[in-house]
Amino acid sequence: MRTLAALALAAAAFAQGRAVTDAEVMRVHRSALLIDTHNDVPSRTVAGFDIGPRAPSGHTDLVRLREGGVGAVFFSVYVAAEYVTGNRSANRALQMIDSVRHDIVGRYPNDFMLATTADEIEAAHRQGKIAALMGLEGGHAIEDSLRLLRDYYRLGIRYMTLTHANTNHWADSSGDMDKTSVQHHNGLTDLGKQVVREMNRLGMMVDISHVSDKTFWDVLAVSSAPPFASHSSCRAFCTAPRDMTDEMIVALAKKGGVVQINFECSFLTQAARDAWVAKEKQPPATVNDVVKHIDHVVKIAGIDAVGIGSDFDGVDCIPTGLEDVSKFPNLTRALLEKGYKPEDIRKIYGGNTLRVMRAAEARREREAN
Ligand SMILES: [Zn+2]
């Protein structure tokens with residue numbers, strides 16, 4: 001017969017979720033192909049940072065990627081809005097692409113392998129290498145030219161975030177909708193629609209993180225392939241306009257898309273968001289807040305609609321328990337404790353992203369040049 005104390009302990013364990021051993025965490029974690037669809041470390045490597053050795057600062061290096069069991073990374077080819085001045089956006093994009101190819105893959109070929117398709121991600125994983133992919137962040141980098149868009153595809157870019165925090169000449173951003181000095185378009189212009197169609201034709205994923213709500217709805221109407229949010233979270237918990245409303249998440253899922261949860265504290269909790277707005281120090285979110293966002297998407301849109309886009313090395317505040325790329329197993333533990341099954345976790349960590357990538361590849365017109 002169980003004692004009262006044992007019953008109380010069992011009740012407490014149930015309230016927190018089930019107990020999970022370290023061995024189980026690592027077994028499930030290693031069984032997944034973890035694809036992080038947004039990492040900003042190229043903004044460091046382009047300035048000379050060596051990604052190889054364990055670094056005392058920042059969120060990403062090769063040693064910690066290995067410790068975290070990361071299988072693939074979409075490195076962000078981020079072009080800040082300031083490069084629009086003087087038409088330096090394309091120059092910056094090319095330098096960032098070179099940094100991924102030269103400073104990351106070229107410098108550590110035994111550990112990284114450049115990947116441009118879902119099959120290549122899986123091939124790299126089978127060889128024990130980390131698949132390195134590239135996503136272009138900030139549509140202004142095409143300098144309003146479909147030719148540059150095609151050039152970026154040829155260099156290996158496999159998604160483009162249509163805007164950063166700045167509205168460009170063809171798409172509104174969520175980052176400046178409150179600025180009356182900015183000329184907005186009510187979503188996508190005709191050129192913006194052409195850009196989306198050309199991305200479909202090339203097989204480049206359309207990333208709606210950062211765009212305004214109206215741009216999102218326009219993309220959903222225009223794109224023939226499932227769009228995805230490479231690094232966004234849920235507005236249900238937090239008023240950040242960077243996050244997606246329930247209505248948007250459900251619509252995205254209906255089209256076969258995925259929202260990749262961002263680890264930035266001010267996109268996860270209202271307390272952090274309020275502090276960010278007030279320009280105060282953010283109270284850190286926790287790994288359980290990330291689980292809360294994942295769980296919310298699963299509840300409203302299903303297990304096929306969510307993934308991971310950490311934004312490591314691109315965020316101001318990172319959750320306790322997810323301090324850098326080595327800490328992903330803590331998320332696996334929290335998901336197992338919450339009751340997620342290994343096959344669910346494999347979908348969240350990479351299966352869903354591979355599916356969206358393959359859907360974009362399938363839309364690619366044969367021999368699209
Ligand atoms: Zn971003």
# chains A, B, ... in the order shown; residues from 1 in each chain; ligands from 1

call {"tool": "residues_around", "arguments": {"residues": "Asp176 in chain A", "least_positions_apart": "6", "cutoff": "8 Å", "atoms": "only C-alpha atoms", "output": "list in words"}}
result
Ala165, Asn166, Thr167 and Val182 of chain A

call {"tool": "residues_near_ligand", "arguments": {"ligand": "ligand 1", "cutoff": "7 Å", "atoms": "only C-alpha atoms and all ligand atoms", "output": "PyMOL selection string"}}
result
chain A and resi 137+164+210+231+311

call {"tool": "closest_atom_pairs", "arguments": {"of": "range 52-143 of chain A", "to": "range 327-332 of chain A", "cutoff": "10 Å", "atoms": "only C-alpha atoms", "output": "Markdown table"}}
result
| residue | atom | partner | partner_atom | distance |
| --- | --- | --- | --- | --- |
| A:His59 | CA | A:Lys327 | CA | 10.0 |
| A:Arg64 | CA | A:Lys327 | CA | 8.4 |
| A:Leu65 | CA | A:Lys327 | CA | 9.1 |
| A:Glu67 | CA | A:Lys327 | CA | 7.9 |
| A:Gly68 | CA | A:Phe328 | CA | 5.3 |
| A:Gly69 | CA | A:Phe328 | CA | 7.5 |
| A:Val70 | CA | A:Phe328 | CA | 8.0 |

call {"tool": "residues_around", "arguments": {"residues": "range 42-45 of chain A", "least_positions_apart": "3", "cutoff": "12 Å", "atoms": "only C-alpha atoms", "output": "NGL selection string"}}
result
:A and (38-39 or 48-52 or 55 or 57-61 or 73-80 or 92-105 or 107 or 132-137 or 311-314)

call {"tool": "atom_distance", "arguments": {"atom1": "CA of Arg333 in chain A", "atom2": "CA of Arg346 in chain A"}}
result
13.2 Å

call {"tool": "residues_around", "arguments": {"residues": "Ser212 in chain A", "least_positions_apart": "2", "cutoff": "10 Å", "atoms": "only C-alpha atoms", "output": "PyMOL selection string"}}
result
chain A and resi 163+165+167+171-177+186-188+208-210+214-218+241-242+244

call {"tool": "closest_residue", "arguments": {"among": "A:His185, A:Lys338, A:His293, A:Lys281", "to": "Thr245 in chain A", "atoms": "only C-alpha atoms"}}
result
A:His293

call {"tool": "decode", "arguments": {"residues": "range 148-159 of chain A", "atoms": "all heavy atoms", "output": "CSV table (one decimal), in the first residue's frame"}}
result
chain,number,residue,atom,x,y,z
A,148,LEU,N,18.6,39.9,-59.0
A,148,LEU,CA,19.4,39.6,-57.8
A,148,LEU,C,18.8,38.5,-57.0
A,148,LEU,O,19.6,37.7,-56.4
A,148,LEU,CB,19.5,40.9,-56.9
A,148,LEU,CG,20.2,42.1,-57.5
A,148,LEU,CD1,20.7,43.0,-56.4
A,148,LEU,CD2,21.4,41.7,-58.4
A,149,LEU,N,17.5,38.4,-57.0
A,149,LEU,CA,16.8,37.3,-56.3
A,149,LEU,C,17.3,35.9,-56.8
A,149,LEU,O,17.7,35.0,-56.1
A,149,LEU,CB,15.3,37.4,-56.4
A,149,LEU,CG,14.5,36.3,-55.8
A,149,LEU,CD1,14.6,36.2,-54.3
A,149,LEU,CD2,13.0,36.4,-56.2
A,150,ARG,N,17.3,35.9,-58.2
A,150,ARG,CA,17.8,34.6,-58.8
A,150,ARG,C,19.3,34.4,-58.5
A,150,ARG,O,19.7,33.2,-58.3
A,150,ARG,CB,17.6,34.7,-60.3
A,150,ARG,CG,16.1,34.6,-60.7
A,150,ARG,CD,15.9,34.4,-62.2
A,150,ARG,NE,16.1,35.6,-62.9
A,150,ARG,CZ,15.1,36.5,-63.2
A,150,ARG,NH1,13.9,36.4,-62.8
A,150,ARG,NH2,15.4,37.6,-63.9
A,151,ASP,N,20.1,35.5,-58.5
A,151,ASP,CA,21.5,35.3,-58.2
A,151,ASP,C,21.7,34.7,-56.8
A,151,ASP,O,22.5,33.8,-56.5
A,151,ASP,CB,22.2,36.7,-58.3
A,151,ASP,CG,22.5,37.1,-59.7
A,151,ASP,OD1,22.7,36.2,-60.6
A,151,ASP,OD2,22.5,38.3,-60.0
A,152,TYR,N,20.9,35.2,-55.8
A,152,TYR,CA,21.0,34.7,-54.5
A,152,TYR,C,20.6,33.3,-54.4
A,152,TYR,O,21.3,32.5,-53.7
A,152,TYR,CB,20.1,35.6,-53.5
A,152,TYR,CG,20.6,37.0,-53.3
A,152,TYR,CD1,19.6,38.0,-53.3
A,152,TYR,CD2,21.9,37.3,-53.2
A,152,TYR,CE1,20.0,39.4,-53.1
A,152,TYR,CE2,22.3,38.6,-53.1
A,152,TYR,CZ,21.4,39.7,-53.0
A,152,TYR,OH,21.8,41.0,-52.9
A,153,TYR,N,19.6,32.9,-55.1
A,153,TYR,CA,19.2,31.5,-55.2
A,153,TYR,C,20.4,30.6,-55.6
A,153,TYR,O,20.8,29.6,-55.0
A,153,TYR,CB,18.0,31.2,-56.1
A,153,TYR,CG,17.6,29.8,-56.1
A,153,TYR,CD1,16.7,29.3,-55.2
A,153,TYR,CD2,18.2,28.9,-57.0
A,153,TYR,CE1,16.4,27.9,-55.1
A,153,TYR,CE2,17.9,27.5,-57.0
A,153,TYR,CZ,17.0,27.1,-56.0
A,153,TYR,OH,16.7,25.7,-56.0
A,154,ARG,N,21.1,31.1,-56.7
A,154,ARG,CA,22.2,30.3,-57.3
A,154,ARG,C,23.3,30.2,-56.3
A,154,ARG,O,24.1,29.2,-56.3
A,154,ARG,CB,22.7,31.0,-58.5
A,154,ARG,CG,21.8,30.9,-59.7
A,154,ARG,CD,22.4,31.6,-61.0
A,154,ARG,NE,21.4,31.8,-62.0
A,154,ARG,CZ,20.9,33.0,-62.3
A,154,ARG,NH1,21.4,34.1,-61.8
A,154,ARG,NH2,20.0,33.0,-63.2
A,155,LEU,N,23.5,31.2,-55.4
A,155,LEU,CA,24.5,31.1,-54.4
A,155,LEU,C,24.2,30.3,-53.2
A,155,LEU,O,24.9,30.1,-52.3
A,155,LEU,CB,24.9,32.6,-54.0
A,155,LEU,CG,25.7,33.4,-55.0
A,155,LEU,CD1,25.8,34.9,-54.6
A,155,LEU,CD2,27.1,32.8,-55.3
A,156,GLY,N,22.9,29.8,-53.2
A,156,GLY,CA,22.5,28.9,-52.1
A,156,GLY,C,21.4,29.4,-51.1
A,156,GLY,O,21.1,28.7,-50.2
A,157,ILE,N,20.9,30.6,-51.3
A,157,ILE,CA,19.9,31.1,-50.5
A,157,ILE,C,18.6,30.3,-50.7
A,157,ILE,O,18.1,30.1,-51.8
A,157,ILE,CB,19.6,32.6,-50.8
A,157,ILE,CG1,20.8,33.4,-50.4
A,157,ILE,CG2,18.3,33.0,-50.0
A,157,ILE,CD1,21.1,33.6,-49.0
A,158,ARG,N,18.0,29.7,-49.6
A,158,ARG,CA,16.8,28.9,-49.7
A,158,ARG,C,15.6,29.4,-49.0
A,158,ARG,O,14.5,28.8,-49.1
A,158,ARG,CB,17.2,27.4,-49.3
A,158,ARG,CG,18.0,26.7,-50.3
A,158,ARG,CD,17.4,26.6,-51.6
A,158,ARG,NE,18.2,26.0,-52.6
A,158,ARG,CZ,19.0,26.6,-53.5
A,158,ARG,NH1,19.1,28.0,-53.4
A,158,ARG,NH2,19.8,26.0,-54.4
A,159,TYR,N,15.7,30.5,-48.3
A,159,TYR,CA,14.5,31.3,-48.0
A,159,TYR,C,14.9,32.7,-47.9
A,159,TYR,O,16.0,33.1,-47.8
A,159,TYR,CB,13.8,30.8,-46.7
A,159,TYR,CG,14.5,31.2,-45.3
A,159,TYR,CD1,14.5,32.5,-44.8
A,159,TYR,CD2,15.0,30.2,-44.5
A,159,TYR,CE1,15.0,32.8,-43.6
A,159,TYR,CE2,15.5,30.5,-43.2
A,159,TYR,CZ,15.5,31.8,-42.8
A,159,TYR,OH,16.0,32.2,-41.6
